[in-house]
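A.B. asks: Supplied structure: my_file-v4.cif, mmCIF, C-alpha atoms.
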data_query
#
loop_
_atom_site.group_PDB
_atom_site.id
_atom_site.type_symbol
_atom_site.label_atom_id
_atom_site.label_comp_id
_atom_site.auth_asym_id
_atom_site.auth_seq_id
_atom_site.Cartn_x
_atom_site.Cartn_y
_atom_site.Cartn_z
ATOM 1 C CA MET A 1 0.000 0.000 0.000
ATOM 2 C CA PRO A 2 1.168 3.619 -0.533
ATOM 3 C CA THR A 3 3.159 5.213 2.281
ATOM 4 C CA THR A 4 1.115 7.356 4.684
ATOM 5 C CA GLU A 5 1.747 11.052 5.355
ATOM 6 C CA PRO A 6 3.256 10.431 8.853
ATOM 7 C CA GLU A 7 5.632 7.889 7.339
ATOM 8 C CA ARG A 8 6.720 10.414 4.705
ATOM 9 C CA ARG A 9 7.404 12.987 7.435
ATOM 10 C CA LYS A 10 9.482 10.496 9.398
ATOM 11 C CA SER A 11 11.579 9.605 6.355
ATOM 12 C CA GLY A 12 12.038 13.172 5.162
ATOM 13 C CA ALA A 13 10.385 12.258 1.867
ATOM 14 C CA ARG A 14 7.662 14.844 2.386
ATOM 15 C CA ASP A 15 10.009 17.634 1.310
ATOM 16 C CA ARG A 16 11.084 15.932 -1.907
ATOM 17 C CA PRO A 17 9.168 16.069 -5.188
ATOM 18 C CA PHE A 18 6.585 13.722 -6.590
ATOM 19 C CA LEU A 19 6.791 12.958 -10.322
ATOM 20 C CA GLU A 20 3.710 11.849 -12.225
ATOM 21 C CA THR A 21 3.154 10.179 -15.595
ATOM 22 C CA GLU A 22 0.110 8.734 -17.311
ATOM 23 C CA ARG A 23 0.359 5.367 -15.503
ATOM 24 C CA LEU A 24 2.823 5.996 -12.690
ATOM 25 C CA ILE A 25 3.595 8.066 -9.617
ATOM 26 C CA LEU A 26 7.262 8.418 -8.688
ATOM 27 C CA ARG A 27 7.246 9.139 -4.978
ATOM 28 C CA PRO A 28 10.331 9.650 -2.797
ATOM 29 C CA LEU A 29 11.290 6.290 -1.343
ATOM 30 C CA ALA A 30 10.372 5.976 2.352
ATOM 31 C CA ARG A 31 11.455 3.420 4.947
ATOM 32 C CA ALA A 32 7.992 1.912 4.851
ATOM 33 C CA ASP A 33 8.593 1.052 1.173
ATOM 34 C CA LEU A 34 11.699 -1.021 1.873
ATOM 35 C CA PRO A 35 10.009 -4.429 2.414
ATOM 36 C CA GLU A 36 8.267 -4.205 -0.984
ATOM 37 C CA MET A 37 11.416 -2.938 -2.656
ATOM 38 C CA ALA A 38 13.546 -5.655 -1.062
ATOM 39 C CA ALA A 39 11.128 -8.385 -2.189
ATOM 40 C CA LEU A 40 11.519 -7.286 -5.805
ATOM 41 C CA ALA A 41 15.295 -6.892 -5.537
ATOM 42 C CA ALA A 42 15.659 -10.362 -3.982
ATOM 43 C CA ASP A 43 14.888 -11.929 -7.373
ATOM 44 C CA LYS A 44 18.234 -13.170 -8.733
ATOM 45 C CA ALA A 45 17.237 -12.237 -12.281
ATOM 46 C CA VAL A 46 16.779 -8.648 -11.122
ATOM 47 C CA ALA A 47 19.973 -8.501 -9.039
ATOM 48 C CA GLU A 48 22.091 -9.869 -11.894
ATOM 49 C CA ARG A 49 21.010 -6.981 -14.095
ATOM 50 C CA THR A 50 22.301 -4.343 -11.656
ATOM 51 C CA ALA A 51 25.774 -3.388 -10.490
ATOM 52 C CA ASN A 52 24.697 -2.588 -6.915
ATOM 53 C CA ILE A 53 22.278 -5.244 -5.681
ATOM 54 C CA PRO A 54 23.883 -8.348 -4.151
ATOM 55 C CA HIS A 55 22.265 -11.757 -4.115
ATOM 56 C CA PRO A 56 20.785 -12.968 -1.847
ATOM 57 C CA TYR A 57 19.146 -9.715 -0.759
ATOM 58 C CA GLY A 58 16.893 -9.160 2.241
ATOM 59 C CA PRO A 59 15.227 -6.469 4.384
ATOM 60 C CA ASN A 60 18.406 -5.849 6.405
ATOM 61 C CA ASP A 61 20.328 -5.179 3.186
ATOM 62 C CA ALA A 62 17.657 -2.700 2.121
ATOM 63 C CA GLU A 63 17.833 -0.932 5.504
ATOM 64 C CA ALA A 64 21.623 -0.638 5.344
ATOM 65 C CA TRP A 65 21.512 0.638 1.761
ATOM 66 C CA TYR A 66 18.827 3.199 2.621
ATOM 67 C CA ALA A 67 20.751 4.539 5.607
ATOM 68 C CA ALA A 68 24.043 4.808 3.717
ATOM 69 C CA ARG A 69 22.908 5.966 0.285
ATOM 70 C CA VAL A 70 19.711 7.934 0.848
ATOM 71 C CA GLU A 71 19.866 9.300 4.406
ATOM 72 C CA GLN A 72 23.626 9.904 4.507
ATOM 73 C CA GLY A 73 24.730 9.788 0.876
ATOM 74 C CA GLY A 74 22.262 12.320 -0.476
ATOM 75 C CA GLU A 75 20.891 10.160 -3.273
ATOM 76 C CA THR A 76 17.425 10.969 -4.580
ATOM 77 C CA VAL A 77 15.485 7.720 -4.922
ATOM 78 C CA PHE A 78 11.921 7.340 -6.126
ATOM 79 C CA ALA A 79 9.612 4.399 -5.585
ATOM 80 C CA ILE A 80 7.844 3.693 -8.876
ATOM 81 C CA ARG A 81 4.189 3.095 -8.109
ATOM 82 C CA ARG A 82 1.372 2.214 -10.455
ATOM 83 C CA ARG A 83 -1.487 4.686 -10.366
ATOM 84 C CA ALA A 84 -4.179 2.046 -10.774
ATOM 85 C CA ASP A 85 -3.457 0.090 -7.587
ATOM 86 C CA GLY A 86 -0.524 1.738 -5.771
ATOM 87 C CA CYS A 87 1.645 -1.325 -6.372
ATOM 88 C CA ILE A 88 5.390 -0.671 -6.177
ATOM 89 C CA LEU A 89 7.075 -1.726 -9.421
ATOM 90 C CA GLY A 90 10.686 -0.817 -8.727
ATOM 91 C CA CYS A 91 12.972 2.116 -7.984
ATOM 92 C CA ILE A 92 14.761 4.853 -9.875
ATOM 93 C CA GLY A 93 17.565 6.835 -8.287
ATOM 94 C CA LEU A 94 19.850 9.800 -8.913
ATOM 95 C CA VAL A 95 23.411 9.831 -7.578
ATOM 96 C CA PRO A 96 24.664 13.431 -7.130
ATOM 97 C CA ALA A 97 27.353 14.734 -9.478
ATOM 98 C CA GLU A 98 30.878 14.517 -8.106
ATOM 99 C CA GLY A 99 34.015 16.097 -9.537
ATOM 100 C CA ASP A 100 34.035 15.746 -13.316
ATOM 101 C CA GLU A 101 31.402 13.008 -13.203
ATOM 102 C CA PRO A 102 27.810 14.057 -13.932
ATOM 103 C CA MET A 103 24.748 13.006 -11.980
ATOM 104 C CA GLU A 104 24.054 9.305 -12.534
ATOM 105 C CA LEU A 105 20.734 7.618 -13.188
ATOM 106 C CA GLY A 106 20.108 4.097 -11.880
ATOM 107 C CA PHE A 107 16.986 1.960 -11.893
ATOM 108 C CA PHE A 108 15.507 -1.483 -11.546
ATOM 109 C CA LEU A 109 12.089 -2.983 -12.165
ATOM 110 C CA GLY A 110 10.545 -6.088 -10.623
ATOM 111 C CA ARG A 111 10.404 -9.040 -13.003
ATOM 112 C CA PRO A 112 6.550 -9.217 -13.118
ATOM 113 C CA PHE A 113 6.571 -5.734 -14.653
ATOM 114 C CA TRP A 114 9.147 -6.198 -17.406
ATOM 115 C CA GLY A 115 8.235 -5.614 -21.022
ATOM 116 C CA GLN A 116 5.323 -3.216 -20.376
ATOM 117 C CA GLY A 117 7.027 0.124 -20.952
ATOM 118 C CA TYR A 118 6.957 1.137 -17.282
ATOM 119 C CA MET A 119 10.671 1.852 -16.964
ATOM 120 C CA THR A 120 10.819 3.985 -20.082
ATOM 121 C CA GLU A 121 7.870 6.006 -18.774
ATOM 122 C CA ALA A 122 9.448 6.454 -15.336
ATOM 123 C CA ALA A 123 12.879 7.270 -16.738
ATOM 124 C CA HIS A 124 11.492 9.996 -18.983
ATOM 125 C CA ALA A 125 9.941 11.639 -15.902
ATOM 126 C CA ALA A 126 13.247 11.396 -14.026
ATOM 127 C CA VAL A 127 15.214 12.951 -16.901
ATOM 128 C CA GLU A 128 12.679 15.784 -17.124
ATOM 129 C CA PHE A 129 13.243 16.361 -13.402
ATOM 130 C CA VAL A 130 17.055 16.316 -13.732
ATOM 131 C CA PHE A 131 17.230 18.863 -16.529
ATOM 132 C CA GLY A 132 13.992 20.803 -16.165
ATOM 133 C CA THR A 133 13.923 21.166 -12.360
ATOM 134 C CA LEU A 134 17.421 20.524 -11.037
ATOM 135 C CA GLY A 135 19.130 22.250 -13.963
ATOM 136 C CA GLU A 136 21.920 19.676 -14.304
ATOM 137 C CA ALA A 137 24.255 20.014 -17.298
ATOM 138 C CA ALA A 138 24.534 16.286 -18.023
ATOM 139 C CA LEU A 139 23.277 12.887 -16.916
ATOM 140 C CA GLN A 140 25.005 9.499 -17.028
ATOM 141 C CA ALA A 141 23.695 5.945 -16.831
ATOM 142 C CA GLY A 142 25.046 2.459 -17.455
ATOM 143 C CA ALA A 143 24.255 -1.197 -17.876
ATOM 144 C CA PHE A 144 25.925 -4.519 -18.512
ATOM 145 C CA PRO A 145 26.475 -4.893 -22.256
ATOM 146 C CA ASP A 146 24.208 -7.962 -22.282
ATOM 147 C CA ASN A 147 21.354 -6.061 -20.578
ATOM 148 C CA ARG A 148 19.699 -4.992 -23.818
ATOM 149 C CA ALA A 149 16.458 -3.944 -22.103
ATOM 150 C CA SER A 150 18.207 -1.370 -19.897
ATOM 151 C CA LEU A 151 20.330 -0.044 -22.730
ATOM 152 C CA ARG A 152 17.215 0.251 -24.874
ATOM 153 C CA VAL A 153 15.546 2.407 -22.190
ATOM 154 C CA GLN A 154 18.621 4.653 -22.140
ATOM 155 C CA GLU A 155 18.557 4.874 -25.922
ATOM 156 C CA LYS A 156 14.909 5.971 -25.838
ATOM 157 C CA LEU A 157 15.918 8.746 -23.439
ATOM 158 C CA GLY A 158 18.338 10.027 -26.077
ATOM 159 C CA MET A 159 21.446 8.826 -24.222
ATOM 160 C CA THR A 160 24.453 7.866 -26.331
ATOM 161 C CA SER A 161 27.514 5.708 -25.722
ATOM 162 C CA ALA A 162 30.127 7.173 -23.364
ATOM 163 C CA GLY A 163 32.606 4.298 -23.174
ATOM 164 C CA GLN A 164 33.002 1.501 -20.644
ATOM 165 C CA VAL A 165 34.116 1.187 -17.032
ATOM 166 C CA LEU A 166 34.882 -1.675 -14.643
ATOM 167 C CA ARG A 167 32.630 -1.767 -11.567
ATOM 168 C CA PRO A 168 31.837 -4.191 -8.748
ATOM 169 C CA ALA A 169 28.906 -6.475 -9.563
ATOM 170 C CA PRO A 170 28.201 -8.508 -6.409
ATOM 171 C CA ALA A 171 25.373 -10.554 -7.927
ATOM 172 C CA ARG A 172 27.733 -11.619 -10.749
ATOM 173 C CA GLY A 173 30.581 -12.546 -8.435
ATOM 174 C CA GLY A 174 33.047 -9.711 -9.009
ATOM 175 C CA ASP A 175 34.021 -6.776 -11.188
ATOM 176 C CA ARG A 176 32.292 -6.555 -14.555
ATOM 177 C CA VAL A 177 32.348 -4.177 -17.528
ATOM 178 C CA ILE A 178 29.597 -1.545 -17.571
ATOM 179 C CA ALA A 179 28.623 0.235 -20.784
ATOM 180 C CA LEU A 180 28.134 3.923 -19.996
ATOM 181 C CA THR A 181 25.734 6.294 -21.714
ATOM 182 C CA ARG A 182 25.379 10.037 -21.377
ATOM 183 C CA LEU A 183 22.922 12.818 -22.185
ATOM 184 C CA THR A 184 23.550 16.566 -22.017
ATOM 185 C CA ALA A 185 20.943 19.164 -21.155
ATOM 186 C CA GLU A 186 21.466 20.707 -24.590
ATOM 187 C CA ASP A 187 20.756 17.442 -26.412
ATOM 188 C CA TRP A 188 17.782 16.760 -24.146
ATOM 189 C CA ALA A 189 16.285 20.163 -24.937
ATOM 190 C CA ARG A 190 16.821 19.621 -28.653
ATOM 191 C CA GLY A 191 15.206 16.175 -28.545
ATOM 192 C CA ARG A 192 12.332 17.490 -26.449
ATOM 193 C CA GLU A 193 11.699 20.190 -29.026
ATOM 194 C CA ASP A 194 11.693 17.630 -31.837
ATOM 195 C CA ALA A 195 9.233 15.442 -29.918
ATOM 196 C CA LYS A 196 6.578 18.127 -29.457
ATOM 197 C CA PRO A 197 3.199 17.258 -30.972
ATOM 198 C CA VAL A 198 2.267 19.238 -34.068
ATOM 199 C CA VAL A 199 -1.073 21.049 -33.753
ATOM 200 C CA LEU A 200 -2.762 22.068 -37.009
ATOM 201 C CA VAL A 201 -4.826 25.257 -36.839
ATOM 202 C CA ALA A 202 -6.439 27.036 -39.804
ATOM 203 C CA ALA A 203 -6.837 30.831 -39.807
ATOM 204 C CA VAL A 204 -8.203 33.396 -42.224
ATOM 205 C CA ALA A 205 -7.674 37.051 -43.017
ATOM 206 C CA LEU A 206 -11.159 38.368 -43.740
ATOM 207 C CA ILE A 207 -10.674 41.507 -45.870
ATOM 208 C CA ASP A 208 -13.522 43.981 -46.335
ATOM 209 C CA ILE A 209 -14.087 46.418 -49.228
ATOM 210 C CA ASP A 210 -12.034 49.099 -47.432
ATOM 211 C CA GLY A 211 -9.026 46.786 -47.147
ATOM 212 C CA ARG A 212 -9.453 46.284 -43.417
ATOM 213 C CA VAL A 213 -8.794 42.930 -41.721
ATOM 214 C CA LEU A 214 -10.948 41.382 -39.001
ATOM 215 C CA ILE A 215 -9.184 40.361 -35.793
ATOM 216 C CA ALA A 216 -10.618 38.891 -32.599
ATOM 217 C CA ARG A 217 -9.435 39.293 -29.008
ATOM 218 C CA ARG A 218 -9.303 36.041 -27.052
ATOM 219 C CA PRO A 219 -11.730 36.118 -24.077
ATOM 220 C CA GLU A 220 -10.794 35.637 -20.426
ATOM 221 C CA GLY A 221 -10.387 32.028 -19.355
ATOM 222 C CA LYS A 222 -8.720 30.911 -22.578
ATOM 223 C CA PRO A 223 -4.974 30.486 -23.194
ATOM 224 C CA MET A 224 -3.355 33.773 -24.247
ATOM 225 C CA ALA A 225 -6.440 35.692 -23.146
ATOM 226 C CA GLY A 226 -6.438 39.337 -24.241
ATOM 227 C CA LEU A 227 -4.315 38.801 -27.355
ATOM 228 C CA TRP A 228 -5.677 39.537 -30.819
ATOM 229 C CA GLU A 229 -5.660 36.911 -33.557
ATOM 230 C CA PHE A 230 -6.973 36.041 -36.985
ATOM 231 C CA PRO A 231 -10.232 34.062 -36.840
ATOM 232 C CA GLY A 232 -9.992 30.292 -37.149
ATOM 233 C CA GLY A 233 -9.513 27.195 -35.079
ATOM 234 C CA LYS A 234 -8.085 23.730 -34.670
ATOM 235 C CA VAL A 235 -8.422 21.293 -37.562
ATOM 236 C CA ALA A 236 -10.152 18.113 -36.401
ATOM 237 C CA VAL A 237 -8.876 14.640 -37.271
ATOM 238 C CA GLY A 238 -9.930 13.781 -40.821
ATOM 239 C CA GLU A 239 -10.949 17.393 -41.533
ATOM 240 C CA SER A 240 -9.421 19.628 -44.206
ATOM 241 C CA PRO A 241 -8.213 23.129 -43.253
ATOM 242 C CA GLU A 242 -10.857 24.630 -45.527
ATOM 243 C CA ALA A 243 -13.649 22.600 -43.914
ATOM 244 C CA ALA A 244 -12.360 23.587 -40.468
ATOM 245 C CA LEU A 245 -12.471 27.275 -41.385
ATOM 246 C CA ILE A 246 -15.991 27.051 -42.809
ATOM 247 C CA ARG A 247 -17.112 25.388 -39.573
ATOM 248 C CA GLU A 248 -15.231 27.784 -37.281
ATOM 249 C CA LEU A 249 -16.412 30.926 -39.072
ATOM 250 C CA LYS A 250 -20.013 29.825 -38.703
ATOM 251 C CA GLU A 251 -19.599 28.859 -35.034
ATOM 252 C CA GLU A 252 -17.511 31.870 -33.971
ATOM 253 C CA LEU A 253 -18.739 34.681 -36.271
ATOM 254 C CA ASP A 254 -22.029 33.460 -37.765
ATOM 255 C CA LEU A 255 -20.564 33.837 -41.257
ATOM 256 C CA ASP A 256 -21.166 31.529 -44.227
ATOM 257 C CA VAL A 257 -18.128 31.034 -46.426
ATOM 258 C CA ALA A 258 -17.728 28.855 -49.508
ATOM 259 C CA ALA A 259 -14.559 26.799 -49.922
ATOM 260 C CA ASN A 260 -13.756 28.433 -53.276
ATOM 261 C CA CYS A 261 -13.674 31.828 -51.544
ATOM 262 C CA LEU A 262 -10.789 30.752 -49.290
ATOM 263 C CA ALA A 263 -7.518 31.516 -51.058
ATOM 264 C CA PRO A 264 -4.411 29.845 -49.555
ATOM 265 C CA PHE A 265 -2.094 32.725 -48.666
ATOM 266 C CA THR A 266 0.774 31.746 -46.357
ATOM 267 C CA PHE A 267 1.414 29.779 -43.160
ATOM 268 C CA ALA A 268 2.941 30.111 -39.711
ATOM 269 C CA SER A 269 5.167 27.565 -37.979
ATOM 270 C CA HIS A 270 5.921 28.270 -34.331
ATOM 271 C CA ALA A 271 7.220 26.242 -31.369
ATOM 272 C CA TYR A 272 5.295 26.883 -28.147
ATOM 273 C CA ASP A 273 6.351 25.310 -24.849
ATOM 274 C CA ASP A 274 4.194 22.188 -25.169
ATOM 275 C CA PHE A 275 3.451 21.878 -28.882
ATOM 276 C CA HIS A 276 4.461 23.036 -32.338
ATOM 277 C CA LEU A 277 1.843 25.079 -34.148
ATOM 278 C CA LEU A 278 1.388 24.785 -37.901
ATOM 279 C CA MET A 279 -1.145 27.345 -39.113
ATOM 280 C CA PRO A 280 -2.116 27.856 -42.764
ATOM 281 C CA LEU A 281 -3.528 31.337 -43.334
ATOM 282 C CA TYR A 282 -6.156 31.933 -45.978
ATOM 283 C CA ALA A 283 -7.370 35.213 -47.482
ATOM 284 C CA CYS A 284 -11.078 35.762 -47.984
ATOM 285 C CA ARG A 285 -12.978 38.731 -49.483
ATOM 286 C CA VAL A 286 -16.411 37.184 -50.005
ATOM 287 C CA TRP A 287 -18.799 35.787 -47.390
ATOM 288 C CA ASP A 288 -22.453 35.886 -46.401
ATOM 289 C CA GLY A 289 -23.600 37.516 -43.175
ATOM 290 C CA GLN A 290 -22.474 40.159 -40.706
ATOM 291 C CA ALA A 291 -19.641 39.183 -38.358
ATOM 292 C CA ARG A 292 -20.961 38.710 -34.830
ATOM 293 C CA ALA A 293 -19.045 37.607 -31.724
ATOM 294 C CA MET A 294 -20.615 34.255 -30.886
ATOM 295 C CA GLU A 295 -18.125 33.062 -28.228
ATOM 296 C CA GLY A 296 -17.464 36.101 -26.038
ATOM 297 C CA GLN A 297 -14.591 37.453 -28.109
ATOM 298 C CA VAL A 298 -14.151 41.120 -29.067
ATOM 299 C CA LEU A 299 -14.091 41.829 -32.824
ATOM 300 C CA LYS A 300 -12.424 44.721 -34.619
ATOM 301 C CA TRP A 301 -11.863 45.689 -38.252
ATOM 302 C CA VAL A 302 -8.322 47.087 -38.474
ATOM 303 C CA ARG A 303 -6.333 48.664 -41.275
ATOM 304 C CA ILE A 304 -3.259 46.610 -42.093
ATOM 305 C CA GLY A 305 -0.890 49.415 -41.100
ATOM 306 C CA ASP A 306 -2.411 49.473 -37.607
ATOM 307 C CA LEU A 307 -2.142 45.740 -36.927
ATOM 308 C CA PRO A 308 1.263 46.036 -35.159
ATOM 309 C CA ASP A 309 -0.496 48.109 -32.490
ATOM 310 C CA TYR A 310 -2.512 45.068 -31.383
ATOM 311 C CA PRO A 311 -0.688 42.456 -29.267
ATOM 312 C CA MET A 312 -0.912 39.074 -31.004
ATOM 313 C CA PRO A 313 0.309 35.532 -30.278
ATOM 314 C CA PRO A 314 3.863 34.845 -31.484
ATOM 315 C CA ALA A 315 2.623 32.666 -34.341
ATOM 316 C CA ASP A 316 0.421 35.451 -35.762
ATOM 317 C CA LYS A 317 2.935 38.310 -35.681
ATOM 318 C CA PRO A 318 5.068 37.296 -38.707
ATOM 319 C CA LEU A 319 1.919 37.152 -40.849
ATOM 320 C CA ILE A 320 1.336 40.913 -40.528
ATOM 321 C CA ALA A 321 4.233 41.912 -42.813
ATOM 322 C CA MET A 322 3.122 39.436 -45.468
ATOM 323 C CA LEU A 323 -0.413 40.806 -45.399
ATOM 324 C CA ARG A 324 0.892 44.356 -45.628
ATOM 325 C CA ASP A 325 2.811 43.487 -48.797
ATOM 326 C CA PHE A 326 -0.244 41.742 -50.209
ATOM 327 C CA LEU A 327 -2.686 44.556 -49.515
#
Could you render the structure from this file as structure tokens?
C.D. replies:
Amino acid sequence: MPTTEPERRKSGARDRPFLETERLILRPLARADLPEMAALAADKAVAERTANIPHPYGPNDAEAWYAARVEQGGETVFAIRRRADGCILGCIGLVPAEGDEPMELGFFLGRPFWGQGYMTEAAHAAVEFVFGTLGEAALQAGAFPDNRASLRVQEKLGMTSAGQVLRPAPARGGDRVIALTRLTAEDWARGREDAKPVVLVAAVALIDIDGRVLIARRPEGKPMAGLWEFPGGKVAVGESPEAALIRELKEELDLDVAANCLAPFTFASHAYDDFHLLMPLYACRVWDGQARAMEGQVLKWVRIGDLPDYPMPPADKPLIAMLRDFL
């Protein structure tokens, strides 16, 4: 069962962070977790895949390790728990950087939970914590060369080969070669940027007979509230950008627009913190109806030369100069 609040206070875990993923909660390891952790680590197949766990392994070994490495050694260790039932699946730990050596990531997973993607999910959360919260410059990990599952997890994190080192491996009877991998904060940030989901949004510059363009101010309660933007919206799965605009213009402005009146003009491509926006912009001079604010937004017809006076989302700003040249 999950550790109680008094137990977390006693262990000091209360002041350390919780990490959450879709299926898991990574909670600071507490003394009350040690029996469950020791039961998983006692499996010889698990111990033989680590450089630190001896075999046989029992509760007293777990207590000694916890006192030396967590309480006195300053290691940050998380118990990996499944959201659905609170079951402990394994541990993931961070050894502080020392000298020229970066912080080191170590982990193990109980045998019943192998092959289900749990460790990759937990490790991604730990790496996010190392670089995004702790601000470390680099992270190192390692595995026996024959431990393909562990090396595959490290590969999925973006870690690359950093040579080999000889380390004690008590469950294997002596020193063994460890294949090291490493990831820098710079490479992590670059990979994180590349992994952002792409969100497709269609927008339109509605141009009236006086050459003015319609913009809408986002209402309170929405992301980027108060900023002005070109009308439009997210393209649904299986929907064309033109169909999305026809739908959005009717829902948001009570305007009827034919597809052949939407002329592809240009597009915006912008990386926000959590996604990458791809936004085709259309030009339209013909529609039926009078623009009305149907969703609490403020509408304004603006001459193209005045558009820079209206604060807009970063993705919209570069489109102003292109419209100015066009009009």
A.B. asks: Near stretch 238-245 of chain A, within 10 Å and counting all atoms listed in the file, which residues show up once chain neighbours fewer than 2 positions away are dropped, as an MDAnalysis selection string?
C.D. replies: chainID A and resid 200:204 231:236 247:251 257:264 279:282
A.B. asks: Between A:Gly158, A:Pro308, A:Ala179, A:Ile215, which one has atoms that come closest to A:Gly191, using all atoms listed in the file?
C.D. replies: A:Gly158
A.B. asks: When the PyMOL selection byres ((chain A and resi 92) around 8) is applied to the structure above, which residues does it catch, written out as a list in words?
C.D. replies: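 In the shown coordinates, the PyMOL selection byres ((chain A and resi 92) around 8) covers Val77, Phe78, Ala79, Ile80, Gly90, Cys91, Gly93, Leu94, Leu105, Gly106, Phe107, Phe108, Ala122, Ala123 and Ala126 of chain A.
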A.B. asks: Separation of atom CA of A:Asp316 and atom CA of A:Asp288, in Å?
C.D. replies: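 Atom-to-atom, atom CA of A:Asp316 and atom CA of A:Asp288 are spaced 25.2 Å apart.
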A.B. asks: So which residues touch A:Phe144 within 9 Å, counting only C-alpha atoms, skipping near sequence neighbours fewer than 5 positions away, as a list of chain:residue names?
C.D. replies: A:Arg49, A:Thr50, A:Ala51, A:Ser150, A:Leu151, A:Arg176, A:Val177, A:Ile178, A:Ala179, A:Leu180
A.B. asks: With the file shown as input, list the residues that the PyMOL selection byres ((chain A and resi 163-174) around 12) selects, as JSON, numbers by chain.
C.D. replies: {"A": [41, 42, 43, 44, 45, 46, 47, 48, 49, 50, 51, 52, 53, 54, 55, 56, 57, 140, 141, 142, 143, 144, 145, 160, 161, 162, 175, 176, 177, 178, 179, 180, 181, 182]}
A.B. asks: What's the separation between atom CA of A:Asn60 and atom CA of A:Pro112, in Å to one decimal place?
C.D. replies: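 Separation between atom CA of A:Asn60 and atom CA of A:Pro112: 23.1 Å.
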A.B. asks: Please define a box with edges along x, y and z of the file around all atoms of stretch 228-241 of chain A given in the file, extend it by 8 Å on each side, and return its centre and edge lengths in Å to one decimal, as JSON.
C.D. replies:
{"center_x": -8.3, "center_y": 26.7, "center_z": -37.5, "size_x": 21.3, "size_y": 41.8, "size_z": 29.4}
A.B. asks: Tell me which of A:Leu327, A:Met312, A:Val127, A:Val153 sits closest to A:Asp208, counting only C-alpha atoms.
C.D. replies: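 Nearest candidate to A:Asp208 out of A:Leu327, A:Met312, A:Val127, A:Val153: A:Leu327.
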A.B. asks: Determine, counting only C-alpha atoms, which protein, DNA and RNA residues have an atom within 7 Å of an atom of A:Lys300; residues of the same chain fewer than 2 positions away are not included. Present the result as a count of residues only.
C.D. replies: 5
A.B. asks: What does the structure give for the distance between atom CA of A:Ala30 and atom CA of A:Asp61, in Å to one decimal?
C.D. replies: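 Atom CA of A:Ala30 sits 15.0 Å away from atom CA of A:Asp61.
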A.B. asks: Kindly indicate which residue among A:Ala185, A:Ala138, A:Ala125, A:Leu323 lies nearest to A:Phe230, using only C-alpha atoms for the distances.
C.D. replies: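 Nearest to A:Phe230: A:Leu323.
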A.B. asks: Using the chain letters and numbers from the file, give me the residues hit by the PyMOL selection byres ((chain A and resi 25) around 7), as a PyMOL selection string.
C.D. replies: chain A and resi 19-21+24+26-27+80-83
